[in-house]
Each structure stands twice: as structure tokens, then as C-alpha cells.
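Here is the structure we will look at.
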Amino acid sequence: MPYIPNTNQEREEMLGEIGAKDFQDLFGNIPADIRLKRALDIEGGLTEQDLDERIKEKGSWNRPAAEGSCFLGGGTWDHSWPAVVDQLSGRTEFLTAYTPYQPECSQGTLQCIFEFQSMMAELCGMDVANASMYDGASACAEALLLATSTTRRKRVVVSKGLHPDARATIQTYLRYQNIEVVEAPLRNGVTDWNGSVDSQTAAVLVQQPNFLGNVEALDPVAASCQETGALAVASINPIALGLLRSPGHAGFDIVVGEGQPLGIPMGYGGPHFGFFATRQKFVRKIPGRLVGATLDQEGRKAYTLTFQTREQHIRREKATSNICTNNALMALRGCIHLAALGPKGLEEIACVSRQRALQLAEELSSVDGIELAWPDRPFFNEVAFRAAGGNPAVAQFKTTLAQNGIQAVLPMSRWYEDMEGVFTLACTERTRSKDIKRLCDQAQNTFRLEVSL
């Protein structure tokens, strides 16, 4: 819609209508001593051509991951997706639609959400999944809220291997709910639960694989929760479930996660979508929305919002969350991606990602000055290494790679004080053997220089 400013006459008419003499009268309640007494220090207007050239010039500063080699991970990965994902999600009936407030008029959207829910429930090994979440971090926090409201307990235990952003989001959600958040420490790259779960614990949350890329043992978590009456919650990478056992089959009660690997571009970290799946017995406490299938008056299959447990739909005191939308377009991309891949395709992507990570681990750990941080730990597509030169060597390695068109290296000391010199690299099905060779060649040069210095 074009911007059409009001004329001077129209402004005077509007001011007169409300009884104001001039524009400054509108700010009469603002003390004079804090008002800006000069014009704003901004440039003058630009023509459309000048504006277009300026935007293009600034846009040229970007270096998309697709232009070089990308080994970045940590919650946002460089995955590919079938062309059908862009083709279908870009159709105007999807692209311009918003959350279905009148579900009877949104049968197509509701069917897509229903299919999404069905796929996510099966993938997670759960009975039911909701109509998606904002992202994986908020899904983690909502899972803990469900657990505390169900168990009537005020203590949750969260693995320190959970994504740092998710841990920060949990603290924000629970800080003023009078809920104690206990972080179980990491030992040798995985969570040490020893003594952290007791009869006052409402939930135990673990990430699979964890933020370091290491595979966590789920059975002990499920067993301790069953013994103490806590709910077992897992945050997962959906691609990893092409190889790993689903938390639902391990006895977990709630499974959440970040959907970005399913057809969502890296996009500077967003937008993403989260997912939330649980057991049937918790269905009335599930946050957000739930789409169900039924028959209309003529016996035809129809879709409807079965549960809408948020404050815009029900009494505020009955709401389970304040989730305001289901991120439908992003979830649609994930739905199309899963449908196009099928179980076999998901398994193949997981296998290729794992194979590339194994190749990277073998070749990079043979470089003098670099070793696997935890050589005995199984990992998925993210690999943790340790640099002999500590954090300065890691920083130099990251800079050298960037200068050579390789986006890589997440220094773990940014989030874990005791991980001096530890960094991670991620591989996906897009990672090529020649990309790994280029990275290892740069490592040889960088760490040879470090040794000589």
C-alpha cells in the first residue's frame, strides 16, 4: 500500500475536530524540559532510485552461507530442501494467509496444520502434537510450564547441554512463576544427572543431541522421572530422528524441538518454528492450538480447531499459554518437507549428515594442535574439537576460515567457562568432501603457524 500523506488543510481539520490549536498541543502532557528542541538529525528524503541503490549497496555486504562452505550449527544448520517446499509454500493462499480465527473458512490451512500435527506426533513417538510454536526455545519453556501445572511442583531440572538460548528463555518464562530452575552440569560432554532429580522435581529436560553435538542417554532420564513422578521432556533435532530412537519410544512424556532443519533457510537465525508433542493424557494442557478432523452435516471430512487453550479464545484464567499464533507458514514448510522426504528420505539425510561429520572428525583431529574434545562420545552432525592453543587459537582459526570463504567455528567458551579451546563444527547433507578438505587445509596452515610462533 502506498504512503499518502495528509495535506495541511486535512491536518488543520483533524486538529480542529479534537480541539487542538496545532500539532504541539498533542504533546502537552510531556514536560517541556525533556522535549527535543531541535530538528531530528536525519538525512533528507531520497528518490526511489537513490533508495534502491543504497539498499542494494548495503545488501552487497552480506555473505550468504550458500556462497561458500558453511560448518555453522548450534541450532541453525545449512540444510537443503526439495524445490516443492518453495513452490507450494509460496502460493498466495498460503503466503498471505494468517492464523485461522474463523476456522470454518480456512479448511485448506487447517488440513495442512492437521497433517503437520500428525507427522510431528509420529516422528516424536507421541500421541498428539500441537499446531506448532514460535521456536524451539519457547517450546521448551512451555513444556516446563505444562509439567509444573500438572505435577503441582515448583522445581525443574534442565541439562546444561540444552541450547543456551533455550535455557535463557526458560529463565525468562519461569523467573516470576516462583519456579526453581536447576541446571544439571556437563561431565565429559554429556549431562551428569547425579543427585539432581528428586521427589520435588516437576520435570527433567534434556536435549538430544545436546548443544555440543553429543548423544545423550535417554533411558536413565526416563527411569528417574518414573521413579520420582517427574515428567521427562526432550528437546530434539528432527533430522537426528532419522537415525536415533524417538524420545517417545524411550518413555518420555513431552517432546519439543526446533523445526529449522525442516525446510527453513538459515536467515540470520529466523524465522523458525517450534513443535510440541505429548501424551494423550496431557492434551487439555497443551499450549496454543490443536486441529482435529470430523465430519460436516453432509458427511464430508472437515477440519476444526479442537482446542484453543489461549487467552484470546477462552477466559484468561483458564488459558494454558499466551502463544498468539502458530507460525503457520514456517510450519507449512516443515510439513511439505517431511511429506516430500518420507521416512526413508529423512533417514538418508541423517545418514549423510552423520557420515560427513565422521569424515570431518577423522581428518581434522589428525591436524597437529587439534583433537576431538570427547573422543569416546557418540555424536550426530555436530562435532566438538579442542585446540591446543586455547581460545586465542580458536579465534584465529575462525578468522582465517572466514577470510577464505568458510563460515565455521562456534567457540564453546562463550557459553561454558570451563571449555577453554573447545569449538564445534557442523555437517549436513550439503557438506561436501572437498569442503572438509579445504577446511582441514586451512587448519594445517593456521595451527602450523601457531606452533611456529
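Every chain in the C-alpha cells takes a letter, A first, then B, and so on in the order presented; its residues are numbered from 1, and the ligands are numbered from 1 following the presented order.
The list of residues with at least one atom within 9 Å of A:Gln111, based on only C-alpha atoms and without residues fewer than 6 positions apart in the same chain, reads Val291, Gly292, Ala293, Ala302, Tyr303 and Thr304 of chain A.
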Residues of stretch 12-134 of chain A in strand (DSSP E or B) according to DSSP, as a list in words?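 Residues meeting the strand (DSSP E or B) criterion: Ser69, Cys70, Val128, Ala129 and Met133 of chain A.
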Extract, using only C-alpha atoms, all DNA, RNA and protein residues at most 7 Å from A:Arg155, discarding same-chain residues fewer than 3 positions from it, and format them as number ranges by chain. A: 179-181, 200-202
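The environment of A:Val156 within 10 Å, counting only C-alpha atoms and disregarding residues fewer than 2 places along the same chain, consists of A:Leu144, A:Leu145, A:Ala147, A:Thr148, A:Arg153, A:Lys154, A:Val158, A:Leu174, A:Ile179, A:Glu180, A:Val181, A:Val182, A:Glu183, A:Ser196, A:Val197, A:Asp198, A:Gln200, A:Thr201, A:Ala202, A:Ala203, A:Val204, A:Leu205, A:Ala230, A:Leu231.
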Mind checking which residues fall within 10 Å of stretch 165-172 of chain A, counting only C-alpha atoms, ignoring those fewer than 2 positions away in the same chain, and posting them as a PyMOL selection string? chain A and resi 75+135-145+158-163+174-177+179-181+183+235
All residues 12 Å or closer to A:Leu26, only C-alpha atoms, same chain fewer than 4 positions away omitted, as a PyMOL selection string: chain A and resi 14-16+18-22+30
Restricting the output to C-alpha atoms, write the selected residues as a compact mmCIF listing (two decimals), in the first residue's frame.
# COMPACT_ATOMS: atom_id res chain seq x y z
CA MET A 14 -8.36 16.95 12.23
CA LEU A 15 -6.76 19.17 14.88
CA GLY A 16 -9.87 21.36 14.95
CA ILE A 18 -10.27 17.36 18.62
CA GLY A 19 -9.91 20.93 19.84
CA ALA A 20 -6.15 21.33 19.35
CA LYS A 21 -4.63 24.56 18.05
CA ASP A 22 -1.58 22.99 16.50
CA ILE A 30 5.12 15.71 28.12
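Counting only C-alpha atoms and comparing A:Leu218, A:Leu346, A:Leu358, A:Cys225, the residue that lies closest to A:Val157 is A:Cys225.
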Just the residues within 12 Å of A:Gln396, please, counting only C-alpha atoms, with nothing from its chain fewer than 2 positions along; format it as a list in words.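 That gives Ala387, Gly389, Gly390, Asn391, Pro392, Ala393, Val394, Lys398, Thr399, Thr400, Leu401, Ala402, Gln403, Ala408, Val409, Pro411, Gly421, Gln442, Ala443, Asn445, Thr446, Phe447, Leu449 and Glu450 of chain A.
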Can you tell me, as an mmCIF file with C-alpha atoms, in the first residue's frame, which residues in stretch 247-351 of chain A count as alpha helix (DSSP H) by DSSP?
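Everything below was put into out_5.cif:
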data_model
loop_
_atom_site.group_PDB
_atom_site.id
_atom_site.type_symbol
_atom_site.label_atom_id
_atom_site.label_comp_id
_atom_site.auth_asym_id
_atom_site.auth_seq_id
_atom_site.Cartn_x
_atom_site.Cartn_y
_atom_site.Cartn_z
ATOM 1 C CA ALA A 328 1.730 -21.379 10.250
ATOM 2 C CA LEU A 329 3.797 -20.551 7.148
ATOM 3 C CA MET A 330 7.034 -21.893 8.640
ATOM 4 C CA ALA A 331 5.260 -24.977 9.958
ATOM 5 C CA LEU A 332 3.781 -25.472 6.491
ATOM 6 C CA ARG A 333 7.292 -25.570 5.024
ATOM 7 C CA GLY A 334 8.244 -28.190 7.584
ATOM 8 C CA CYS A 335 5.121 -30.199 6.737
ATOM 9 C CA ILE A 336 5.837 -30.123 2.993
ATOM 10 C CA HIS A 337 9.469 -31.027 3.612
ATOM 11 C CA LEU A 338 8.566 -34.074 5.704
ATOM 12 C CA ALA A 339 5.926 -35.169 3.213
ATOM 13 C CA ALA A 340 8.388 -34.908 0.319
ATOM 14 C CA LEU A 341 11.129 -36.803 2.158
ATOM 15 C CA GLY A 342 9.119 -39.562 3.774
ATOM 16 C CA PRO A 343 10.703 -41.806 6.421
ATOM 17 C CA LYS A 344 13.327 -43.174 4.019
ATOM 18 C CA GLY A 345 14.384 -39.708 2.836
ATOM 19 C CA LEU A 346 14.711 -38.465 6.414
ATOM 20 C CA GLU A 347 16.880 -41.451 7.237
ATOM 21 C CA GLU A 348 19.097 -40.819 4.210
ATOM 22 C CA ILE A 349 19.643 -37.173 5.136
ATOM 23 C CA ALA A 350 20.508 -38.173 8.692
ATOM 24 C CA CYS A 351 22.924 -40.825 7.454
#
Atomic distance atom CA of A:Pro64 - atom CA of A:Trp77, expressed in Å with one decimal: 12.8 Å
Figure out the distance between atom CA of A:Thr96 and atom CA of A:Ala131, please, to one decimal in Å.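 It comes out at 18.1 Å.
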Gap from atom CA of A:Glu67 to atom CA of A:Cys427 - Å, one decimal: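 It comes out at 16.1 Å.
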Kindly indicate which residue among A:Gln107, A:Gln208, A:Asn8, A:Gln308 lies nearest to A:Asp296, using only C-alpha atoms for the distances.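 Counting only C-alpha atoms, the residue closest to A:Asp296 is A:Gln107.
Residue nearest A:Phe397, chosen from A:Ser433, A:Gln444, A:Ser224, A:Asn178 and counting only C-alpha atoms: A:Gln444.
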Counting only C-alpha atoms, the option among A:Val206, A:Leu290, A:Leu243, A:Ile254 closest to A:Gln355: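 Result for the nearest residue to A:Gln355: A:Leu243.
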Using only C-alpha atoms, find the one residue out of A:Met126, A:Ala184, A:Ile370, A:Ala361 that sits nearest to A:Val256.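 Closest candidate: A:Met126.
The residue that comes closest to A:Gln260, out of A:Gly248, A:Gly45, A:Gly274, A:Gly213 and on the basis of only C-alpha atoms, is A:Gly274.
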